[in-house]
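Next up, structure_38.cif (mmCIF, C-alpha atoms):
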data_upload
#
loop_
_atom_site.label_atom_id
_atom_site.label_comp_id
_atom_site.auth_asym_id
_atom_site.auth_seq_id
_atom_site.Cartn_x
_atom_site.Cartn_y
_atom_site.Cartn_z
CA MET A 1 36.94 -10.30 -79.55
CA SER A 2 35.91 -11.26 -76.02
CA ASP A 3 33.87 -8.82 -73.94
CA THR A 4 36.09 -9.16 -70.86
CA TYR A 5 39.82 -9.43 -70.33
CA ASN A 6 41.48 -12.60 -69.07
CA LEU A 7 44.42 -11.23 -67.13
CA SER A 8 46.20 -14.56 -67.24
CA GLN A 9 46.66 -14.09 -70.99
CA LEU A 10 49.50 -11.89 -72.26
CA GLU A 11 47.50 -10.57 -75.22
CA ASP A 12 44.63 -9.52 -72.97
CA ILE A 13 47.01 -7.89 -70.47
CA ASP A 14 48.50 -5.83 -73.28
CA LEU A 15 45.15 -4.57 -74.54
CA ALA A 16 43.85 -4.01 -71.00
CA ALA A 17 46.99 -1.92 -70.38
CA GLY A 18 46.02 0.18 -73.40
CA GLU A 19 42.51 0.67 -72.07
CA TYR A 20 43.86 1.48 -68.61
CA ALA A 21 46.14 4.14 -70.09
CA LEU A 22 43.21 5.44 -72.13
CA GLY A 23 40.95 5.50 -69.08
CA SER A 24 38.10 3.53 -70.63
CA LEU A 25 37.93 0.58 -68.23
CA ASP A 26 34.90 0.57 -65.97
CA ALA A 27 35.38 0.51 -62.19
CA GLU A 28 35.35 -3.28 -61.87
CA GLN A 29 37.75 -3.90 -64.76
CA LYS A 30 39.98 -1.11 -63.51
CA ALA A 31 40.17 -2.64 -60.02
CA GLN A 32 41.06 -6.04 -61.47
CA PHE A 33 43.75 -4.55 -63.66
CA GLU A 34 45.20 -2.44 -60.85
CA ALA A 35 45.54 -5.56 -58.70
CA LEU A 36 47.83 -6.99 -61.36
CA LEU A 37 49.52 -3.65 -62.05
CA ALA A 38 50.48 -3.31 -58.40
CA VAL A 39 52.72 -6.37 -58.55
CA SER A 40 53.79 -6.72 -62.17
CA HIS A 41 56.62 -4.59 -63.45
CA ASP A 42 56.03 -5.91 -66.96
CA THR A 43 52.46 -4.64 -66.84
CA GLN A 44 53.64 -1.25 -65.56
CA VAL A 45 55.99 -1.01 -68.53
CA LYS A 46 53.12 -1.89 -70.89
CA VAL A 47 50.98 0.90 -69.42
CA ALA A 48 53.82 3.42 -69.82
CA ALA A 49 54.31 2.32 -73.45
CA TRP A 50 50.61 2.76 -74.16
CA GLN A 51 50.62 6.17 -72.48
CA GLU A 52 53.39 7.23 -74.80
CA GLN A 53 51.58 5.88 -77.86
CA LEU A 54 48.32 7.54 -76.90
CA GLN A 55 50.13 10.84 -76.44
CA GLN A 56 51.70 10.48 -79.86
CA GLY A 57 48.45 9.43 -81.48
CA LEU A 58 45.83 11.54 -79.75
CA HIS A 59 47.51 14.83 -78.90
CA ASP A 60 45.99 16.72 -81.82
CA PHE A 61 47.03 20.16 -80.63
CA LYS A 62 50.09 22.37 -80.67
CA PRO A 63 51.85 24.14 -77.78
CA MET A 64 50.01 27.04 -76.16
CA PRO A 65 51.87 29.83 -74.36
CA THR A 66 51.24 30.08 -70.65
CA PRO A 67 50.82 33.42 -68.87
CA LYS A 68 54.06 34.84 -67.48
CA GLU A 69 52.68 34.94 -63.97
CA LEU A 70 52.12 31.18 -63.81
CA TRP A 71 55.67 30.14 -62.93
CA PRO A 72 55.93 32.73 -60.10
CA ARG A 73 52.67 31.28 -58.70
CA ILE A 74 54.16 27.77 -58.74
CA ALA A 75 57.48 28.99 -57.30
CA GLU A 76 55.64 30.84 -54.56
CA GLN A 77 53.72 27.72 -53.62
CA LEU A 78 56.90 25.65 -53.56
CA GLY A 79 58.70 28.38 -51.63
CA HIS A 80 56.14 28.25 -48.87
CA GLN A 81 56.51 24.52 -48.77
CA SER A 82 60.30 24.44 -48.70
CA THR A 83 60.69 26.62 -45.60
CA TRP A 84 60.37 25.75 -41.94
CA HIS A 85 56.60 26.14 -42.38
CA HIS A 86 56.77 23.18 -44.68
CA TRP A 87 57.93 20.95 -41.87
CA ILE A 88 55.53 22.39 -39.35
CA ASN A 89 52.60 22.14 -41.74
CA ASN A 90 53.63 18.88 -43.40
CA LEU A 91 50.66 16.60 -42.84
CA LYS A 92 52.58 13.55 -43.99
CA LEU A 93 55.32 14.27 -41.46
CA TRP A 94 52.84 14.36 -38.61
CA GLN A 95 51.00 11.36 -39.98
CA GLY A 96 54.32 9.53 -40.17
CA LEU A 97 55.23 10.48 -36.62
CA SER A 98 51.79 9.40 -35.42
CA ALA A 99 52.10 6.10 -37.29
CA SER A 100 55.56 5.52 -35.85
CA ALA A 101 54.31 6.23 -32.35
CA LEU A 102 51.37 3.88 -32.88
CA ALA A 103 53.66 1.16 -34.28
CA LEU A 104 56.02 1.57 -31.32
CA SER A 105 53.17 1.34 -28.87
CA LEU A 106 51.86 -1.81 -30.58
CA VAL A 107 55.31 -3.40 -30.49
CA LEU A 108 55.61 -2.59 -26.81
CA THR A 109 52.11 -3.90 -26.14
CA VAL A 110 52.79 -7.17 -27.97
CA THR A 111 56.21 -7.57 -26.35
CA ILE A 112 55.04 -6.88 -22.83
CA ILE A 113 51.53 -8.31 -22.80
CA ALA A 114 51.19 -11.00 -25.47
CA PRO A 115 52.73 -14.48 -25.15
CA PRO A 116 55.44 -14.94 -27.79
CA TRP A 117 54.22 -15.91 -31.27
CA ASN A 118 51.17 -17.95 -30.22
CA SER A 119 49.03 -16.18 -32.76
CA SER A 120 51.08 -17.34 -35.73
CA THR A 121 51.56 -20.94 -34.68
CA SER A 122 48.48 -22.35 -36.40
CA LEU A 123 49.39 -20.65 -39.67
CA ARG A 124 52.94 -21.91 -39.46
CA GLU A 125 51.73 -25.44 -38.74
CA SER A 126 49.38 -25.60 -41.69
CA THR A 127 51.80 -23.92 -44.09
CA SER A 128 55.20 -24.84 -42.81
CA ASN A 129 57.08 -23.26 -45.68
CA LEU A 130 55.17 -19.95 -45.69
CA VAL A 131 56.55 -16.75 -44.18
CA SER A 132 55.88 -13.02 -44.55
CA VAL A 133 57.83 -11.34 -47.30
CA PRO A 134 59.14 -7.99 -48.39
CA ASN A 135 58.01 -6.71 -51.76
CA THR A 136 59.95 -8.34 -54.61
CA SER A 137 59.83 -8.10 -58.39
CA PRO A 138 58.13 -11.03 -60.04
CA ASP A 139 59.42 -13.08 -62.94
CA LEU A 140 56.15 -14.95 -63.56
CA ASN A 141 52.55 -14.17 -62.67
CA TYR A 142 49.32 -16.08 -62.26
CA VAL A 143 45.98 -14.56 -61.29
CA MET A 144 43.39 -16.76 -59.63
CA TYR A 145 39.84 -15.34 -59.78
CA ASN A 146 36.94 -15.69 -57.37
CA THR A 147 33.35 -16.48 -58.37
CA ASN A 148 32.70 -12.78 -59.05
CA ASN A 149 35.58 -12.83 -61.51
CA ASP A 150 37.65 -10.52 -59.30
CA PRO A 151 41.26 -11.45 -58.51
CA ALA A 152 41.32 -13.78 -55.51
CA TRP A 153 45.07 -14.38 -55.35
CA ILE A 154 47.95 -13.07 -57.42
CA VAL A 155 50.86 -15.48 -57.55
CA ASN A 156 54.33 -14.20 -58.48
CA ALA A 157 57.38 -16.41 -58.96
CA SER A 158 60.87 -14.99 -58.70
CA MET A 159 63.40 -17.22 -60.43
CA THR A 160 66.35 -15.34 -59.00
CA GLN A 161 65.10 -15.65 -55.43
CA GLN A 162 63.71 -19.14 -56.03
CA GLN A 163 60.45 -18.33 -54.37
CA VAL A 164 56.78 -17.71 -54.98
CA SER A 165 54.89 -14.79 -53.45
CA ILE A 166 51.15 -14.97 -53.04
CA ASP A 167 49.07 -11.82 -52.57
CA THR A 168 45.58 -12.33 -51.24
CA ILE A 169 43.11 -9.99 -52.92
CA ALA A 170 39.53 -11.25 -52.54
CA PRO A 171 39.19 -15.04 -52.26
CA ASP A 172 35.80 -16.68 -51.87
CA SER A 173 35.03 -17.75 -48.32
CA MET A 174 35.68 -21.47 -47.86
CA GLU A 175 33.55 -24.10 -46.20
CA GLU A 176 34.63 -24.79 -42.60
CA GLY A 177 37.66 -27.11 -42.52
CA LYS A 178 38.47 -26.58 -46.20
CA VAL A 179 41.45 -24.76 -47.74
CA CYS A 180 42.80 -24.05 -51.21
CA GLU A 181 46.15 -25.61 -52.03
CA LEU A 182 48.45 -24.39 -54.78
CA TRP A 183 50.31 -26.91 -56.93
CA LEU A 184 52.95 -26.67 -59.57
CA ILE A 185 53.17 -29.35 -62.23
CA VAL A 186 56.47 -29.45 -64.07
CA ASP A 187 57.66 -31.93 -66.66
CA LEU A 188 54.46 -34.00 -66.22
CA GLY A 189 55.74 -35.29 -62.87
CA GLU A 190 53.90 -35.51 -59.56
CA PRO A 191 52.29 -32.15 -58.71
CA ILE A 192 54.45 -30.26 -56.22
CA SER A 193 52.65 -28.42 -53.45
CA LEU A 194 53.48 -24.74 -53.06
CA GLY A 195 51.42 -24.63 -49.90
CA VAL A 196 47.98 -23.68 -48.70
CA LEU A 197 46.76 -20.35 -50.09
CA PRO A 198 46.51 -17.70 -47.38
CA LYS A 199 43.17 -16.23 -46.36
CA GLN A 200 44.67 -12.78 -46.09
CA GLY A 201 47.89 -10.86 -46.55
CA ARG A 202 51.01 -11.77 -48.45
CA MET A 203 52.88 -15.05 -48.12
CA GLN A 204 56.01 -16.51 -49.61
CA VAL A 205 56.79 -20.08 -50.58
CA ALA A 206 60.30 -21.21 -51.45
CA PHE A 207 60.71 -23.58 -54.39
CA ASN A 208 61.69 -26.87 -52.79
CA SER A 209 64.72 -28.91 -53.83
CA ARG A 210 62.55 -31.30 -55.88
CA ILE A 211 62.14 -28.38 -58.27
CA THR A 212 65.47 -26.59 -58.07
CA SER A 213 67.48 -29.82 -58.40
CA LEU A 214 65.97 -30.50 -61.83
CA PRO A 215 68.18 -29.60 -64.80
CA ASN A 216 66.90 -26.39 -66.46
CA TRP A 217 64.45 -26.03 -63.58
CA GLN A 218 63.71 -22.39 -64.36
CA GLN A 219 62.62 -23.24 -67.87
CA LEU A 220 60.58 -26.18 -66.60
CA VAL A 221 58.84 -23.97 -64.04
CA GLN A 222 58.09 -21.39 -66.70
CA GLN A 223 56.57 -24.10 -68.92
CA GLY A 224 54.79 -25.65 -65.96
CA LYS A 225 51.16 -25.39 -64.98
CA LEU A 226 49.60 -24.12 -61.77
CA VAL A 227 46.69 -25.97 -60.23
CA ILE A 228 44.54 -25.02 -57.26
CA SER A 229 42.65 -27.71 -55.42
CA VAL A 230 40.29 -27.79 -52.48
CA GLU A 231 41.63 -29.80 -49.57
CA GLY A 232 40.95 -30.56 -45.92
CA SER A 233 42.65 -28.28 -43.41
CA GLU A 234 45.84 -30.38 -43.43
CA GLY A 235 46.23 -30.21 -47.22
CA ALA A 236 46.63 -33.18 -49.56
CA SER A 237 48.91 -36.06 -48.56
CA SER A 238 50.65 -36.02 -51.95
CA GLY A 239 50.41 -34.59 -55.42
CA TYR A 240 48.71 -37.75 -56.62
CA ASN A 241 46.02 -37.46 -53.96
CA MET A 242 44.88 -33.89 -54.44
CA GLY A 243 41.22 -32.93 -54.00
CA PRO A 244 38.91 -31.33 -56.57
CA VAL A 245 40.67 -28.89 -58.89
CA ILE A 246 38.99 -25.47 -59.00
CA ALA A 247 41.47 -23.62 -61.23
CA GLU A 248 44.47 -24.29 -63.40
CA GLY A 249 46.53 -22.39 -65.92
CA PRO A 250 49.96 -21.37 -67.16
CA TRP A 251 52.20 -18.60 -65.85
CA VAL A 252 52.28 -15.23 -67.52
CA SER A 253 55.82 -13.99 -67.83
CA ALA A 254 56.79 -10.61 -66.40
CA MET A 255 60.02 -8.64 -66.56
CA THR A 256 62.01 -8.14 -63.39
CA GLY A 257 63.15 -4.75 -62.21
CA PRO A 258 62.32 -1.80 -60.00
CA THR A 259 58.74 -0.55 -59.76
CA ILE A 260 57.31 2.95 -59.68
CA GLY A 261 53.85 4.45 -59.79
CA ILE A 262 52.89 6.00 -63.11
CA MET B 1 64.45 14.60 -62.73
CA ALA B 2 67.05 13.33 -60.27
CA GLN B 3 67.84 16.90 -59.24
CA ILE B 4 64.16 17.71 -58.82
CA ALA B 5 63.86 14.66 -56.61
CA HIS B 6 66.40 16.40 -54.36
CA HIS B 7 64.23 19.53 -54.40
CA HIS B 8 66.51 21.58 -56.62
CA GLU B 9 64.10 24.34 -57.66
CA PRO B 10 66.11 25.67 -60.66
CA SER B 11 65.83 22.19 -62.22
CA LEU B 12 62.07 22.27 -61.85
CA LYS B 13 62.00 25.71 -63.42
CA HIS B 14 64.07 24.41 -66.33
CA LEU B 15 61.68 21.50 -66.77
CA TYR B 16 58.76 23.95 -66.67
CA GLN B 17 60.38 26.13 -69.34
CA LEU B 18 60.89 23.13 -71.59
CA THR B 19 57.43 21.65 -71.23
CA ASN B 20 54.90 24.22 -70.05
CA ALA B 21 53.49 25.11 -73.48
CA ASN B 22 52.81 21.49 -74.43
CA LEU B 23 51.40 20.62 -71.04
CA PHE B 24 49.25 23.75 -70.96
CA ALA B 25 47.82 22.84 -74.38
CA LEU B 26 46.91 19.39 -73.03
CA ALA B 27 45.25 20.89 -69.94
CA LEU B 28 43.37 23.39 -72.11
CA ARG B 29 42.27 20.64 -74.51
CA ILE B 30 40.67 18.78 -71.60
CA LEU B 31 39.37 21.69 -69.53
CA LYS B 32 38.49 24.21 -72.28
CA GLN B 33 38.95 27.01 -69.76
CA ARG B 34 42.14 29.01 -69.31
CA ASP B 35 41.92 29.69 -65.59
CA LEU B 36 41.27 26.02 -64.87
CA ALA B 37 44.10 24.99 -67.19
CA GLU B 38 46.46 27.34 -65.33
CA ASP B 39 45.35 25.91 -61.98
CA CYS B 40 45.85 22.44 -63.42
CA LEU B 41 49.42 23.17 -64.48
CA GLN B 42 50.22 24.71 -61.11
CA LEU B 43 48.86 21.69 -59.23
CA ALA B 44 50.63 19.32 -61.61
CA PHE B 45 54.04 20.93 -61.12
CA VAL B 46 53.60 20.87 -57.36
CA LYS B 47 52.90 17.13 -57.72
CA VAL B 48 56.01 16.73 -59.85
CA TRP B 49 57.99 18.50 -57.11
CA HIS B 50 56.72 16.13 -54.44
CA ASN B 51 56.60 12.88 -56.43
CA SER B 52 59.64 13.05 -58.68
CA LYS B 53 61.30 10.26 -56.70
CA GLN B 54 58.65 7.94 -58.12
CA PHE B 55 59.76 8.63 -61.67
CA ASP B 56 61.57 5.65 -63.19
CA ALA B 57 63.52 6.40 -66.38
CA ALA B 58 63.68 2.68 -67.13
CA LYS B 59 59.94 2.63 -67.52
CA ALA B 60 58.85 5.90 -69.10
CA LYS B 61 60.21 9.05 -70.67
CA PRO B 62 59.99 12.19 -68.52
CA ILE B 63 57.51 13.80 -70.94
CA THR B 64 55.28 10.72 -70.83
CA TRP B 65 55.26 10.87 -67.05
CA LEU B 66 54.55 14.61 -67.05
CA ASN B 67 51.75 14.27 -69.58
CA ALA B 68 50.16 11.56 -67.46
CA ILE B 69 50.31 13.77 -64.36
CA VAL B 70 48.82 16.78 -66.16
CA ARG B 71 46.10 14.70 -67.83
CA ASN B 72 45.08 13.05 -64.56
CA GLN B 73 45.06 16.42 -62.83
CA ALA B 74 42.99 17.97 -65.63
CA LEU B 75 40.47 15.10 -65.57
CA ASP B 76 40.19 15.48 -61.78
CA LEU B 77 39.45 19.18 -62.17
CA LEU B 78 37.02 18.45 -64.99
CA ARG B 79 35.06 16.04 -62.81
CA LYS B 80 35.10 18.40 -59.83
CA ASN B 81 34.04 21.48 -61.71
CA LYS B 82 31.54 19.79 -64.00
CA HIS B 83 31.60 22.59 -66.50
CA GLN B 84 29.49 20.61 -68.92
CA LYS B 85 28.83 23.56 -71.18
CA MET B 86 32.49 24.32 -71.35
CA HIS B 87 33.69 20.98 -72.61
CA ASP B 88 31.26 20.07 -75.34
CA SER B 89 33.75 21.06 -78.06
CA SER B 90 31.14 23.19 -79.80
CA ASP B 91 31.87 26.41 -81.65
CA GLU B 92 29.68 28.17 -79.10
CA THR B 93 31.99 27.03 -76.34
CA LEU B 94 35.05 28.18 -78.20
CA GLY B 95 33.27 31.45 -78.88
CA GLN B 96 32.73 31.91 -75.16
CA LEU B 97 36.41 31.33 -74.58
CA ALA B 98 37.28 33.93 -77.18
CA ASP B 99 35.33 36.58 -75.29
CA HIS B 100 37.92 36.66 -72.52
CA GLY B 101 40.22 39.09 -74.34
CA ALA B 102 42.28 39.63 -77.43
CA SER B 103 45.20 37.42 -76.49
CA GLN B 104 42.87 34.61 -75.51
CA GLU B 105 40.88 35.06 -78.70
CA GLN B 106 44.04 34.74 -80.66
CA GLN B 107 45.03 31.63 -78.75
CA VAL B 108 41.65 29.98 -79.11
CA SER B 109 41.70 30.67 -82.83
CA GLN B 110 45.14 29.14 -82.93
CA LEU B 111 43.84 26.15 -80.98
CA GLN B 112 41.03 25.63 -83.49
CA GLU B 113 43.39 25.82 -86.42
CA GLN B 114 45.81 23.49 -84.75
CA ARG B 115 43.22 20.82 -84.19
CA ALA B 116 44.02 19.26 -87.48
CA ILE B 117 43.45 15.61 -86.87
CA HIS B 118 46.63 13.72 -86.23
CA ARG B 119 47.83 11.61 -89.10
CA CYS B 120 47.34 8.33 -87.27
CA LEU B 121 44.08 9.41 -85.74
CA ALA B 122 42.85 10.09 -89.26
CA THR B 123 43.47 6.47 -90.22
CA LEU B 124 40.88 5.32 -87.71
CA LYS B 125 37.19 5.01 -88.42
CA GLU B 126 35.13 7.94 -87.15
CA ASN B 127 33.40 5.90 -84.43
CA GLN B 128 36.74 4.50 -83.18
CA ARG B 129 38.30 7.96 -83.11
CA GLN B 130 35.32 9.44 -81.30
CA CYS B 131 35.37 6.72 -78.61
CA LEU B 132 39.11 7.09 -78.02
CA GLN B 133 38.88 10.88 -77.74
CA LEU B 134 35.94 10.76 -75.34
CA ALA B 135 37.79 8.32 -73.09
CA TYR B 136 41.11 10.13 -73.26
CA PHE B 137 40.12 13.79 -73.11
CA GLU B 138 36.94 13.53 -71.06
CA GLY B 139 37.86 10.62 -68.82
CA LEU B 140 34.83 8.54 -69.81
CA ALA B 141 34.75 4.77 -69.25
CA HIS B 142 32.92 2.36 -71.58
CA PRO B 143 29.44 2.84 -70.07
CA GLN B 144 29.67 6.65 -70.15
CA VAL B 145 30.98 6.65 -73.73
CA ALA B 146 28.10 4.36 -74.74
CA ALA B 147 25.59 6.62 -72.97
CA GLN B 148 27.00 9.80 -74.48
CA LEU B 149 26.98 8.38 -78.00
CA ASN B 150 23.72 6.52 -77.42
CA LEU B 151 25.30 3.30 -78.64
CA PRO B 152 25.37 -0.31 -77.37
CA LEU B 153 28.07 -0.95 -74.77
CA GLY B 154 29.45 -3.90 -76.73
CA SER B 155 29.98 -1.77 -79.83
CA VAL B 156 31.83 0.86 -77.83
CA LYS B 157 34.13 -1.75 -76.28
CA THR B 158 34.89 -3.22 -79.69
CA TRP B 159 35.56 0.16 -81.28
CA ILE B 160 37.87 1.22 -78.48
CA ARG B 161 39.91 -1.97 -78.73
CA ARG B 162 40.10 -1.80 -82.50
CA GLY B 163 40.93 1.89 -82.26
CA LEU B 164 43.79 1.22 -79.86
CA LEU B 165 45.21 -1.53 -82.04
CA GLY B 166 44.83 0.61 -85.16
CA LEU B 167 46.53 3.55 -83.54
CA ARG B 168 49.46 1.44 -82.43
CA GLU B 169 49.75 -0.22 -85.81
CA CYS B 170 49.92 3.18 -87.51
CA LEU B 171 52.43 4.60 -85.00
CA THR B 172 54.65 1.55 -85.38
CA HIS B 173 54.98 2.28 -89.10
CA ILE B 174 55.63 5.99 -88.60
CA ILE B 175 58.15 5.87 -85.76
#
How does the structure come out when it is put into structure tokens?
Amino acid sequence: MSDTYNLSQLEDIDLAAGEYALGSLDAEQKAQFEALLAVSHDTQVKVAAWQEQLQQGLHDFKPMPTPKELWPRIAEQLGHQSTWHHWINNLKLWQGLSASALALSLVLTVTIIAPPWNSSTSLRESTSNLVSVPNTSPDLNYVMYNTNNDPAWIVNASMTQQQVSIDTIAPDSMEEGKVCELWLIVDLGEPISLGVLPKQGRMQVAFNSRITSLPNWQQLVQQGKLVISVEGSEGASSGYNMGPVIAEGPWVSAMTGPTIGI
Amino acid sequence: MAQIAHHHEPSLKHLYQLTNANLFALALRILKQRDLAEDCLQLAFVKVWHNSKQFDAAKAKPITWLNAIVRNQALDLLRKNKHQKMHDSSDETLGQLADHGASQEQQVSQLQEQRAIHRCLATLKENQRQCLQLAYFEGLAHPQVAAQLNLPLGSVKTWIRRGLLGLRECLTHII
């Protein structure tokens, strides 16, 4: 039994979910697991299942009556919060209004003062098929770790949307002029570039037609392998000319569906 | 839960009536102090009121979600209040609780009697059971469990993992 969890392995994810529900993971392990939990619906379901099992297994007590005055106390607190005072005193409301005002002012500042889109040009040039994305449910996951064994990037592939989302967590800093490039190898063919891994934020890469035109492409992708190589700033010229490989591994499957916080 | 998400207070009251005794027992098990357990339940139900839109029936049962909220709230209060003497599970502690009045005495006695070890919990080895309970009811991570039991960290990790797997194995056969 290994001392640490490899969150690219389904068996380890399952047991780590149990420990997360139990509350026994130390701060570092907990942070690593929460990075995966934030994007993986399948992992969220595993945690909920473990919570239920722990409740069934560990709740070694029977119901205890509460004092009669407890519900009125709760109702009173809710009552105060459901009146006009609630809106006046609602911190989130004022924080939301402040955030909206700030966002509006930033939009106005960018629109009026900044030249259009210059700041994103270099990123778009180096990663022509990368754009910002809304949050989507993943079908497949891959976690790439940094040298401290913390998640560097979390890669999620959505088969239905035919795209890959990449969340930057904590990548190692790269040598000047060097980038990490993500590759997908399917059916033992030429590695297919999924683009240069971002240095920050969330990016999305669409599966190109070389992949989606293959028969049973979804199954092939699922059985495929991810590889990350170090390249010059322009990326590799082809899949057969990639630079040194620093990580590789299979996808971990995840269920699709809505997400909630547990 | 859907009605609570729309701030329908009678629905919350109904949920409270259905669950308060179980949730209060959980809070009391963690906090070992009635006034704190009452505060915990109050805070937890206010959270339920505000966060019920986050509940997803496809992922968890309502009682699982509620238990998780109450447990997290109780562990927060436990850490904040640091009533070390009050959560050492000793008879002395339970005796102190019993001094608060006849009804409390009765309840504490009931609590002691009711702490018959769960059937599945009883299938685990003592060290596995102890590690799981310390993590679950006292919010201790591996290093704190190891320190409290004065045991090597590696042993604690192994026992927790084996305990989890054993517990699940037993529950799978029962349910």
_For the provided coordinates, the residues matched by the PyMOL selection byres ((chain B and resi 46-59) around 8) should be stated as a list in words._
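On the file shown, the PyMOL selection byres ((chain B and resi 46-59) around 8) covers Gln44, Val45, Ala48, Ile74, Gln77, Leu78, Thr259, Ile260, Gly261 and Ile262 of chain A; Met1, Ala2, Ile4, Ala5, His7, Leu12, Gln42, Leu43, Ala44, Phe45, Ala60, Lys61, Pro62, Trp65, Leu66 and Ile69 of chain B.
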Exercise. Please evaluate the PyMOL selection byres ((chain B) within 8 of (chain A)) against the structure above and give the resulting residues as a ChimeraX atom specification.
Key: /B:13,16,20-26,29,38,42,45-46,54-56,59-60,64-65,67-68,107,111,114-121,132-133,135-136,139-143,154,157-158,160-161,164,167-168,171
With the file shown as input, list the residues that the PyMOL selection byres ((chain A and resi 228) around 7) selects, as a tab-separated table (two decimals) with C-alpha atoms, in the frame of the given file.
chain	number	residue	atom	x	y	z
A	180	CYS	CA	42.80	-24.05	-51.21
A	181	GLU	CA	46.15	-25.61	-52.03
A	182	LEU	CA	48.45	-24.39	-54.78
A	183	TRP	CA	50.31	-26.91	-56.93
A	226	LEU	CA	49.60	-24.12	-61.77
A	227	VAL	CA	46.69	-25.97	-60.23
A	229	SER	CA	42.65	-27.71	-55.42
A	230	VAL	CA	40.29	-27.79	-52.48
A	245	VAL	CA	40.67	-28.89	-58.89
A	246	ILE	CA	38.99	-25.47	-59.00
A	247	ALA	CA	41.47	-23.62	-61.23
A	248	GLU	CA	44.47	-24.29	-63.40
Taken to one decimal, the atom CA of Ile30 of chain B-atom CA of Ala74 of chain B distance is 6.5 Å
Got a sec: who's within 12 Å of Trp153 of chain A, counting only C-alpha atoms, leaving out chain neighbours fewer than 6 positions off, as a ChimeraX atom specification? /A:8,32,35-36,39,141-146,165-172,180-182,196-203,228,247
With 5 Å added on each side, what axis-aligned box encloses every listed atom of segment 32-47 of chain A? Give the centre and edge lengths in Å to one decimal, as AutoDock Vina command-line options.
--center_x 48.8 --center_y -3.0 --center_z -64.6 --size_x 25.6 --size_y 17.9 --size_z 22.5
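Interatomic distance, atom CA of Met242 of chain A to atom CA of Gly224 of chain A: 17.3 Å.
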>> What's around Ala37 of chain B at 7 Å? Count only C-alpha atoms, leave out sequence neighbours fewer than 5 positions away in its own chain, and write the answer as number ranges by chain.
In response: B: 24, 27-28, 31
Go ahead and save the residues from that selection, with C-alpha atoms, as a PDB file, in the coordinates of the input.
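The result, written out as selection.pdb:
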ATOM      1  CA  PHE B  24      49.250  23.750 -70.960  1.00  0.00           C
ATOM      2  CA  ALA B  27      45.250  20.890 -69.940  1.00  0.00           C
ATOM      3  CA  LEU B  28      43.370  23.390 -72.110  1.00  0.00           C
ATOM      4  CA  LEU B  31      39.370  21.690 -69.530  1.00  0.00           C
TER       5      LEU B  31
END
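Taking atom CA of Arg129 of chain B as the reference point, atom CA of Val70 of chain B is found at 21.8 Å.
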Checklist line | Residue among B:Ala147, B:Cys170, B:Val156, B:Leu41 lying closest to Leu124 of chain B, counting only C-alpha atoms | finding: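 Of all the options, B:Cys170 lies closest to Leu124 of chain B.
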Notebook entry, point to check: Out of B:Ala146, B:Leu18, B:Ile63, B:Leu78, which residue has the shortest atom-to-atom distance to Lys32 of chain B when counting all atoms listed in the file?
Noted result: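 Closest to Lys32 of chain B, using all atoms listed in the file: B:Leu78.
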Using all atoms listed in the file, the shortest atom-to-atom distance to Leu165 of chain B among B:Gln144, B:Asn81, B:Gln128, B:Asn150 belongs to B:Gln128
Nearest to Leu188 of chain A, restricted to all atoms listed in the file and choosing among A:Gln29, A:Leu220, A:Gln161, A:Pro215, comes out as A:Leu220
